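Data file: input.pdb. Format and content: PDB, C-alpha atoms, pLDDT in the B column.
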```pdb
ATOM      1  CA  MET Q   1      38.834 -25.121 183.833  1.00 96.00           C
ATOM      2  CA  ARG Q   2      39.188 -28.854 183.502  1.00 96.00           C
ATOM      3  CA  VAL Q   3      41.239 -30.804 180.929  1.00 96.00           C
ATOM      4  CA  VAL Q   4      39.499 -33.749 179.293  1.00 97.00           C
ATOM      5  CA  PRO Q   5      41.767 -36.259 177.550  1.00 97.00           C
ATOM      6  CA  ASN Q   6      40.718 -38.694 174.859  1.00 97.00           C
ATOM      7  CA  ARG Q   7      43.176 -41.485 175.621  1.00 93.00           C
ATOM      8  CA  SER Q   8      42.000 -43.643 172.738  1.00 95.00           C
ATOM      9  CA  VAL Q   9      43.209 -40.924 170.320  1.00 96.00           C
ATOM     10  CA  CYS Q  10      46.393 -39.925 172.179  1.00 97.00           C
ATOM     11  CA  GLU Q  11      49.624 -41.252 170.677  1.00 97.00           C
ATOM     12  CA  GLY Q  12      51.998 -39.907 173.332  1.00 97.00           C
ATOM     13  CA  HIS Q  13      53.713 -37.180 171.298  1.00 97.00           C
ATOM     14  CA  SER Q  14      54.400 -35.307 174.593  1.00 97.00           C
ATOM     15  CA  VAL Q  15      53.659 -31.817 173.250  1.00 98.00           C
ATOM     16  CA  CYS Q  16      51.309 -31.217 176.177  1.00 98.00           C
ATOM     17  CA  GLU Q  17      53.815 -32.495 178.715  1.00 98.00           C
ATOM     18  CA  GLY Q  18      56.472 -30.200 177.283  1.00 98.00           C
ATOM     19  CA  LEU Q  19      54.231 -27.158 177.643  1.00 98.00           C
ATOM     20  CA  ALA Q  20      52.727 -27.916 181.067  1.00 98.00           C
ATOM     21  CA  PRO Q  21      54.505 -30.797 182.828  1.00 98.00           C
ATOM     22  CA  GLU Q  22      52.730 -30.033 186.098  1.00 98.00           C
ATOM     23  CA  VAL Q  23      49.403 -30.920 184.425  1.00 98.00           C
ATOM     24  CA  PHE Q  24      50.241 -33.545 181.782  1.00 98.00           C
ATOM     25  CA  GLU Q  25      52.271 -36.727 181.981  1.00 98.00           C
ATOM     26  CA  ILE Q  26      52.905 -39.278 179.235  1.00 97.00           C
ATOM     27  CA  ARG Q  27      53.414 -42.630 180.896  1.00 96.00           C
ATOM     28  CA  ASP Q  28      54.783 -45.964 179.732  1.00 96.00           C
ATOM     29  CA  ASP Q  29      51.465 -46.740 178.035  1.00 95.00           C
ATOM     30  CA  ASP Q  30      52.144 -43.777 175.664  1.00 95.00           C
ATOM     31  CA  ARG Q  31      48.954 -42.049 176.759  1.00 96.00           C
ATOM     32  CA  VAL Q  32      48.357 -38.732 178.462  1.00 97.00           C
ATOM     33  CA  HIS Q  33      47.471 -38.682 182.138  1.00 97.00           C
ATOM     34  CA  ILE Q  34      46.130 -35.568 183.843  1.00 98.00           C
ATOM     35  CA  LEU Q  35      47.923 -34.724 187.095  1.00 98.00           C
ATOM     36  CA  VAL Q  36      45.797 -31.735 188.171  1.00 96.00           C
ATOM     37  CA  GLU Q  37      41.997 -31.834 188.194  1.00 89.00           C
ATOM     38  CA  GLU Q  38      41.334 -28.073 187.992  1.00 95.00           C
ATOM     39  CA  VAL Q  39      43.607 -25.634 186.159  1.00 96.00           C
ATOM     40  CA  ASP Q  40      43.741 -21.864 186.606  1.00 92.00           C
ATOM     41  CA  GLY Q  41      46.159 -18.988 186.935  1.00 90.00           C
ATOM     42  CA  ASP Q  42      49.472 -18.963 185.090  1.00 90.00           C
ATOM     43  CA  VAL Q  43      49.182 -22.592 184.084  1.00 96.00           C
ATOM     44  CA  ALA Q  44      45.877 -22.056 182.243  1.00 96.00           C
ATOM     45  CA  ASP Q  45      47.486 -20.279 179.286  1.00 96.00           C
ATOM     46  CA  ARG Q  46      50.018 -23.068 178.811  1.00 97.00           C
ATOM     47  CA  VAL Q  47      47.270 -25.682 179.081  1.00 97.00           C
ATOM     48  CA  ARG Q  48      45.236 -23.881 176.404  1.00 97.00           C
ATOM     49  CA  ALA Q  49      48.333 -23.867 174.183  1.00 97.00           C
ATOM     50  CA  ALA Q  50      48.828 -27.587 174.805  1.00 98.00           C
ATOM     51  CA  VAL Q  51      45.234 -28.306 173.790  1.00 97.00           C
ATOM     52  CA  ARG Q  52      45.617 -26.269 170.595  1.00 98.00           C
ATOM     53  CA  ARG Q  53      48.956 -27.869 169.682  1.00 98.00           C
ATOM     54  CA  CYS Q  54      48.077 -31.508 170.327  1.00 98.00           C
ATOM     55  CA  PRO Q  55      48.912 -33.278 167.039  1.00 97.00           C
ATOM     56  CA  LYS Q  56      46.034 -35.748 167.467  1.00 97.00           C
ATOM     57  CA  GLN Q  57      43.536 -33.303 169.022  1.00 98.00           C
ATOM     58  CA  ALA Q  58      43.265 -35.649 171.981  1.00 98.00           C
ATOM     59  CA  LEU Q  59      42.637 -32.889 174.534  1.00 98.00           C
ATOM     60  CA  SER Q  60      39.696 -30.612 175.178  1.00 97.00           C
ATOM     61  CA  LEU Q  61      38.725 -28.124 177.878  1.00 97.00           C
ATOM     62  CA  GLU Q  62      35.666 -27.710 180.028  1.00 96.00           C
ATOM     63  CA  GLU Q  63      35.359 -24.172 181.293  1.00 89.00           C
ATOM     64  CA  ARG Q  64      33.819 -23.893 184.752  1.00 79.00           C
TER
END
```

Rewrite the coordinates I just gave you, this time as structure tokens.
Amino acid sequence: MRVVPNRSVCEGHSVCEGLAPEVFEIRDDDRVHILVEEVDGDVADRVRAAVRRCPKQALSLEER
């Protein structure tokens, strides 16, 4: 699966980064940056949780 961020909606709350820091990074611009293009395995469950818990709903998933 692939994570698709909506950076114009993201406010940098860091919920996603806290759940899956190997996939999400909040940088100095207070916006999410995706570190891994394709996500699977053990990380996928945490990424799904991050998408569900995003306070601004700035993340979505594309299943492949």

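Considering all atoms listed in the file, the residue among Q:Cys16, Q:Glu22, Q:Asn6, Q:Val36 positioned nearest to Q:Arg53 is Q:Cys16.
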
Which of Q:Asp29, Q:Glu11, Q:Asp40, Q:Glu17 sits closest to Q:Arg64 [using all atoms listed in the file]: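 Counting all atoms listed in the file, the residue closest to Q:Arg64 is Q:Asp40.
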
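With distances restricted to only C-alpha atoms, Q:Arg2 is the closest residue to Q:Arg48 from Q:Arg2, Q:Arg7, Q:His13, Q:His33.
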
Gap from atom CA of Q:Gly41 to atom CA of Q:Leu59 - Å, one decimal: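 For atom CA of Q:Gly41 relative to atom CA of Q:Leu59, the distance reads 19.0 Å.
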
Who sits within 12 Å of Q:Leu61, all atoms listed in the file, same chain under 4 positions skipped, as a list of chain:residue names: Q:Met1, Q:Arg2, Q:Val3, Q:Val4, Q:Pro5, Q:Asn6, Q:Glu37, Q:Glu38, Q:Val39, Q:Asp40, Q:Ala44, Q:Asp45, Q:Val47, Q:Arg48, Q:Ala49, Q:Ala50, Q:Val51, Q:Arg52, Q:Gln57

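Proximity to Q:Val15 was assessed for Q:Leu35, Q:Pro55, Q:Glu63, Q:Arg46 counting all atoms listed in the file; the smallest distance is recorded for Q:Pro55.
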
Draw an axis-aligned box over all listed atoms of stretch 35-54 of chain Q, pad each side with 5 Å, and write its centre and edge lengths in Å, one decimal, as AutoDock Vina command-line options.
```
--center_x 45.7 --center_y -26.8 --center_z 178.9 --size_x 18.7 --size_y 25.8 --size_z 28.5
```

Atom CA of Q:Ser14 to atom CA of Q:Ser60, distance in Å rounded to a single decimal: 15.4 Å

All residues 10 Å or closer to Q:Ser8, only C-alpha atoms, same chain fewer than 4 positions away omitted, as a ChimeraX atom specification: /Q:31-32,58

Save out the residues we just selected, C-alpha atoms, as a short mmCIF file (atom, residue, chain, number, x, y, z; two decimals), keeping the file's coordinate frame.
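Dumped to out.cif:
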```cif
data_model
loop_
_atom_site.label_atom_id
_atom_site.label_comp_id
_atom_site.auth_asym_id
_atom_site.auth_seq_id
_atom_site.Cartn_x
_atom_site.Cartn_y
_atom_site.Cartn_z
CA ARG Q 31 48.95 -42.05 176.76
CA VAL Q 32 48.36 -38.73 178.46
CA ALA Q 58 43.26 -35.65 171.98
#
```

Two-atom distance - atom CA of Q:Glu25, atom CA of Q:Glu62 (Å):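 Taking atom CA of Q:Glu25 and atom CA of Q:Glu62, their separation equals 19.0 Å.
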